[in-house]
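Undergrad: Handing you this structure, nothing more for now.
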Amino acid sequence: MNDIFQDLKWRGLVYQTTDDSLGDWLLEQPRIVYAGFDPTADSLHVGSLLPLMMLRRFQRAGHQPIAVLGGATGMIGDPSGKSAERNLLDQAMLATNLAGIEKQIQHVLSVSGGPEPIIVSNSDWINRFSYIDFLRDVGKNFPVNVMMAKDSIKSRLEGESGISYTEFSYMLIQAYDFVHLNRQYGCELQIGGSDQWGNITAGIDLGRRMTGHKLYGFTNPLLTKSDGTKMGKTESGAIWLSAERTSPYAFYQYWINVADDDAGKCLRFLTEIPREEIEALDQSRATEPHARASQKRLAESMTRMIHGDAGLASAERATAVFFGAEIQDLDDKQLLDIFADVPSVTVARSELDEPGLPLLEAMARCGLAKSKGEARRAIEQGGAYVNNRRIDDVDYRLSSCDLASENIIVVRSGKKKFALLKFD
RNA sequence: GGGGGGAUACCGAAGCGGUCAAACGGGACAGACUGUAAAUCUGUUGGCUCAUGCCUUCACAGGUUCGAAUCCUGUUCCCCCCA
């Protein structure tokens with residue numbers, strides 16, 4: 001049993017604990033730990049990665065992780081950290097979301113040698129309650145004045161939007177989850193982000209009243225970026241864990257592009273890279289920032305964990321293609337995989353026959369240029385590429401020699417704008 | 001209700017009879033540089049068969065003129081001042 005608490009402290013992941021001796025308590029024997037996940041979509045995104053990794057750290061240290069999916073609470077919405085009332089999810093959507101998320105959690109928590117994770121949905125026990133039973137058994141133990149004092153509730157009461165009775169009750173359900181897990185599995189520790197503190201302590205209080213057991217709580221700081229924007233968000237949307245929503249390439253790129261100021265934190269918070277190596281990377285960032293060793297290591301580690309070796313390989317290959325030399329020796333399938341996010345147009349194969357398809361025409365047609373005039377400008381300024389080879393001849397015509405693979409020509413305008421021409 | 005000002009390209013803003021596809025600034029795009037960063041510098045920024053050529057555009061519809069973003073009439077919308 002290794003000293004997980006020391007490692008967490010070093011990583012800066014300890015924010016609050018309900019008990020100062022939590023570190024020692026964890027060393028005494030394997031404990032059972034839980035964290036909750038909201039099923040707001042059919043995939044987790046980068047924002048959920050931190051709590052998930054926390055569970056995994058405990059798991060690696062020999063503790064039993066339980067992931068609780070908010071099948072019941074997801075139908076209500078957690079008011080913590082939210083400024084406005086949330087939309088409610090419908091049953092069917094919730095079921096899809098639960099299934100998708102369970103798969104991802106299972107994947108990240110499949111640590112060899114560690115205890116098997118338990119993944120449950122709180123709808124399993126909450127839905128059995130009648131309203132009256134719940135009020136009698138659980139609600140009775142909640143003094144409203146104490147609830148009103150919690151930050152998560154207080155801030156909403158002070159704000160303009162107020163809070164509905166439904167969201168107000170959220171805390172009771174999550175608190176009861178903890179008690180249930182304690183009874184059913186002997187779970188004694190709940191972990192979560194610092195915004196969960198109110199909910200966690202509510203569960204601990206409820207446990208003391210209902211069972212007399214002593215429960216523990218632990219929160220980690222939220223992962224924030226130095227520029228104040230939200231981690232895991234880009235202009236084009238959130239970064240998801242599922243390959244369908246965010247390709248391994250895009251996922252990899254997100255980490256490669258992490259700002260220097262955030263890289264150290266990401267390495268500590270989100271990866272299991274050991275202390276010595278992270279400190280070496282800190283050093284490298286200070287002395288040779290252009291090497292971007294931290295970002296590369298971060299991207300590699302994250303992509304491998306979420307998308308596996310194959311996903312990492314495809315992301316790296318795509319990166320080489322996006323930023324590297326000429327495209328050759330690839331087949332249709334590889335190209336389509338690499339350029340999964342890139343727009344494409346289908347063109348009749350006969351257009352490649354003599355005299356060939358003018359590049360101007362092709363660029364305008366696939367959307368890289370709004371007009372032929374714009375395409376012309378791009379070429380004249382050296383911003384046009386076919387299969388990553390710069391073309392500076394305005395009259396260039398594409399022929400079958402330009403096929404990068406069986407049926408595809410890759411056209412690029414500027415540094416990062418790609419389009420595919422598919423021939424049939 | 002009365003009086004005045006305005007509507008120009010992605011945005012802001014000049015132009016007030018020909019030399020106007022329309023200054024300038026911002027943005028955007030491209031190139032160089034660089035760390036797939038920031039800053040900087042350079043170029044481009046209505047469409048076309050790329051041309052001392054044609055077409056479409058200065059709120060909308062008409063008109064005057066050899067010629068209109070520019071002058072006139074009407075319409076719509078906006079702003080300001082006085083009631």
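Here, A, B, ... name the chains of the structure tokens in the order displayed, residue numbers run from 1 inside each chain, and ligands are numbered from 1 in the same displayed order.
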As a PyMOL selection string, please: the residues near Leu267 of chain A (cut-off 8 Å, only C-alpha atoms (C1' of nucleotides), same-chain neighbours under 4 positions excluded).

TA: chain A and resi 263+271-273+278+294+298

Undergrad: So that I have them on file, write out the residues from the current selection with C-alpha atoms, as an mmCIF file, in the first residue's frame.

TA:
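Writing done, so here's result_39.cif:
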data_model
loop_
_atom_site.group_PDB
_atom_site.id
_atom_site.type_symbol
_atom_site.label_atom_id
_atom_site.label_comp_id
_atom_site.auth_asym_id
_atom_site.auth_seq_id
_atom_site.Cartn_x
_atom_site.Cartn_y
_atom_site.Cartn_z
ATOM 1 C CA ALA A 263 1.314 22.504 -18.525
ATOM 2 C CA THR A 271 -1.326 12.158 -15.443
ATOM 3 C CA GLU A 272 0.384 9.492 -13.389
ATOM 4 C CA ILE A 273 3.796 10.564 -14.538
ATOM 5 C CA ILE A 278 7.496 16.007 -13.937
ATOM 6 C CA SER A 294 5.873 19.050 -21.304
ATOM 7 C CA LEU A 298 1.204 15.409 -21.643
#

Undergrad: Compile the contact shell of segment 34-44 of chain B as number ranges by chain: residues with an atom at most 12 Å away, counting only C-alpha atoms (C1' of nucleotides), same-chain residues fewer than 6 positions apart removed.

TA: A: 252-261, 285, 288-296, 319-320, 322-324, 373-383, 415-416; B: 28

Undergrad: Those selected residues, please, written with C-alpha atoms (C1' of nucleotides) and delivered as a short mmCIF file (atom, residue, chain, number, x, y, z; two decimals), in the first residue's frame.

TA:
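Heads up, here's the output in part_7.cif:
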data_model
loop_
_atom_site.label_atom_id
_atom_site.label_comp_id
_atom_site.auth_asym_id
_atom_site.auth_seq_id
_atom_site.Cartn_x
_atom_site.Cartn_y
_atom_site.Cartn_z
CA TYR A 252 -3.96 14.95 -28.79
CA GLN A 253 -3.73 18.41 -30.29
CA TYR A 254 -5.64 19.92 -27.42
CA TRP A 255 -2.94 18.87 -25.00
CA ILE A 256 -0.13 19.79 -27.35
CA ASN A 257 -1.51 23.31 -27.39
CA VAL A 258 -1.81 23.72 -23.63
CA ALA A 259 -0.19 26.99 -22.52
CA ASP A 260 3.18 26.76 -20.81
CA ASP A 261 1.66 28.20 -17.67
CA ARG A 285 9.96 24.27 -19.66
CA GLU A 288 14.14 25.38 -23.23
CA PRO A 289 10.48 26.31 -23.66
CA HIS A 290 10.64 25.90 -27.42
CA ALA A 291 11.20 22.17 -27.01
CA ARG A 292 7.66 21.87 -25.62
CA ALA A 293 8.64 18.69 -23.89
CA SER A 294 5.87 19.05 -21.30
CA GLN A 295 3.12 19.41 -23.87
CA LYS A 296 4.36 16.48 -25.88
CA THR A 319 0.08 15.29 -36.50
CA ALA A 320 3.03 14.44 -38.71
CA PHE A 322 -0.83 18.01 -40.62
CA PHE A 323 2.41 19.71 -39.86
CA GLY A 324 4.95 17.70 -41.71
CA GLY A 373 -10.20 35.03 -57.02
CA GLU A 374 -9.50 34.11 -53.44
CA ALA A 375 -7.96 30.83 -54.52
CA ARG A 376 -5.79 32.70 -56.96
CA ARG A 377 -4.56 34.99 -54.21
CA ALA A 378 -3.77 32.06 -51.96
CA ILE A 379 -1.68 30.45 -54.67
CA GLU A 380 0.08 33.67 -55.59
CA GLN A 381 1.00 34.22 -51.96
CA GLY A 382 2.35 30.73 -51.53
CA GLY A 383 -0.49 29.57 -49.36
CA LYS A 415 -1.18 26.39 -42.35
CA LYS A 416 -4.09 24.41 -41.05
"C1'" A B 28 -9.96 38.35 -41.30
#

Undergrad: Near Ala67 of chain A, within 9 Å and counting only C-alpha atoms (C1' of nucleotides), which residues show up once chain neighbours fewer than 6 positions away are dropped, as a PDB file with N, CA and C atoms, in the first residue's frame?

TA:
ATOM      1  N   VAL A  33     -13.743   4.010  -1.840  1.00  0.00           N
ATOM      2  CA  VAL A  33     -13.804   5.422  -2.173  1.00  0.00           C
ATOM      3  C   VAL A  33     -14.814   5.654  -3.282  1.00  0.00           C
ATOM      4  N   TYR A  34     -15.550   6.747  -3.190  1.00  0.00           N
ATOM      5  CA  TYR A  34     -16.480   7.001  -4.288  1.00  0.00           C
ATOM      6  C   TYR A  34     -16.419   8.435  -4.802  1.00  0.00           C
ATOM      7  N   ALA A  35     -16.734   8.543  -6.084  1.00  0.00           N
ATOM      8  CA  ALA A  35     -16.879   9.857  -6.694  1.00  0.00           C
ATOM      9  C   ALA A  35     -18.081   9.784  -7.627  1.00  0.00           C
ATOM     10  N   GLY A  36     -18.723  10.907  -7.836  1.00  0.00           N
ATOM     11  CA  GLY A  36     -19.921  10.925  -8.664  1.00  0.00           C
ATOM     12  C   GLY A  36     -19.674  11.557 -10.031  1.00  0.00           C
ATOM     13  N   PHE A  37     -20.453  11.106 -11.010  1.00  0.00           N
ATOM     14  CA  PHE A  37     -20.335  11.656 -12.373  1.00  0.00           C
ATOM     15  C   PHE A  37     -21.714  11.968 -12.912  1.00  0.00           C
ATOM     16  N   LEU A  52     -12.095  11.508 -12.327  1.00  0.00           N
ATOM     17  CA  LEU A  52     -11.896  10.131 -12.756  1.00  0.00           C
ATOM     18  C   LEU A  52     -10.471   9.674 -12.463  1.00  0.00           C
ATOM     19  N   LEU A  55     -10.031   8.888  -8.800  1.00  0.00           N
ATOM     20  CA  LEU A  55     -10.453   7.527  -8.456  1.00  0.00           C
ATOM     21  C   LEU A  55      -9.359   6.542  -8.831  1.00  0.00           C
ATOM     22  N   GLU A 102     -20.534   4.946 -18.666  1.00  0.00           N
ATOM     23  CA  GLU A 102     -20.075   3.766 -17.928  1.00  0.00           C
ATOM     24  C   GLU A 102     -18.909   3.108 -18.640  1.00  0.00           C
ATOM     25  N   ILE A 105     -15.701   5.120 -18.076  1.00  0.00           N
ATOM     26  CA  ILE A 105     -15.171   4.999 -16.721  1.00  0.00           C
ATOM     27  C   ILE A 105     -14.510   3.626 -16.560  1.00  0.00           C
ATOM     28  N   PRO A 117     -13.207  -1.909 -10.425  1.00  0.00           N
ATOM     29  CA  PRO A 117     -14.079  -0.788 -10.065  1.00  0.00           C
ATOM     30  C   PRO A 117     -15.543  -1.227  -9.965  1.00  0.00           C
ATOM     31  N   ILE A 118     -16.272  -0.556  -9.124  1.00  0.00           N
ATOM     32  CA  ILE A 118     -17.717  -0.765  -9.069  1.00  0.00           C
ATOM     33  C   ILE A 118     -18.350   0.466  -9.700  1.00  0.00           C
ATOM     34  N   ILE A 119     -19.206   0.230 -10.678  1.00  0.00           N
ATOM     35  CA  ILE A 119     -19.877   1.365 -11.316  1.00  0.00           C
ATOM     36  C   ILE A 119     -21.382   1.184 -11.162  1.00  0.00           C
ATOM     37  N   VAL A 120     -22.013   2.114 -10.507  1.00  0.00           N
ATOM     38  CA  VAL A 120     -23.448   1.993 -10.264  1.00  0.00           C
ATOM     39  C   VAL A 120     -24.125   3.325 -10.558  1.00  0.00           C
ATOM     40  N   SER A 121     -25.432   3.240 -10.719  1.00  0.00           N
ATOM     41  CA  SER A 121     -26.191   4.473 -10.924  1.00  0.00           C
ATOM     42  C   SER A 121     -27.054   4.702  -9.694  1.00  0.00           C
TER      43      SER A 121
END

Undergrad: One decimal, Å: what's the distance from atom C1' of C55 of chain B over to atom C1' of C10 of chain B, could you say?

TA: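 So the two atoms, atom C1' of C55 of chain B and atom C1' of C10 of chain B, lie 22.4 Å apart.
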
Undergrad: Name the residues of segment 181-405 of chain A that come out as helix (DSSP H, G or I) in a backbone DSSP run; write them as JSON, numbers by chain.

TA: {"A": [181, 182, 183, 184, 185, 194, 195, 196, 197, 198, 199, 200, 201, 202, 203, 204, 205, 206, 207, 208, 209, 210, 248, 249, 250, 251, 252, 253, 254, 255, 256, 260, 261, 262, 263, 264, 265, 266, 267, 268, 269, 270, 275, 276, 277, 278, 279, 280, 281, 282, 283, 284, 285, 286, 287, 289, 290, 291, 293, 294, 295, 296, 297, 298, 299, 300, 301, 302, 303, 304, 305, 306, 307, 308, 309, 310, 311, 312, 313, 314, 315, 316, 317, 318, 319, 320, 321, 322, 323, 332, 333, 334, 335, 336, 337, 338, 349, 350, 351, 352, 359, 360, 361, 362, 363, 364, 365, 372, 373, 374, 375, 376, 377, 378, 379, 380, 400, 401, 402]}

Undergrad: Using only C-alpha atoms (C1' of nucleotides), which residue out of B:C81, B:C54, B:G67, B:C29 lies closest to chain A?

TA: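 Checking each candidate against chain A, we get B:C29 as the closest.
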
Undergrad: So the first atom is atom CA of Gln59 of chain A and the second is atom CA of Gly114 of chain A; what is the distance between them in Å, to one decimal place?

TA: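 Separation between atom CA of Gln59 of chain A and atom CA of Gly114 of chain A: 5.7 Å.
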
Undergrad: Choose the residue, out of B:C82, B:C16, B:C50, B:A69, that has the smallest atom-to-atom separation from chain A; count only C-alpha atoms (C1' of nucleotides).

TA: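 That would be B:C50, the residue with the smallest distance to chain A.
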
Undergrad: To one decimal in Å, tell me the separation between atom CA of Pro221 of chain A and atom CA of Asp195 of chain A.

TA: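 Computing the Euclidean distance for atom CA of Pro221 of chain A and atom CA of Asp195 of chain A yields 8.5 Å.
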
Undergrad: Please provide as a ChimeraX atom specification all residues within 12 Å of G63 of chain B, with the sequence filter that same-chain residues fewer than 5 positions apart are discarded (counting only C-alpha atoms (C1' of nucleotides)).

TA: /B:68,71-74

Undergrad: Tell me which of A:Leu215, A:Ile76, A:Ile101, A:Ile338 sits closest to Leu241 of chain A, counting only C-alpha atoms.

TA: A:Ile101
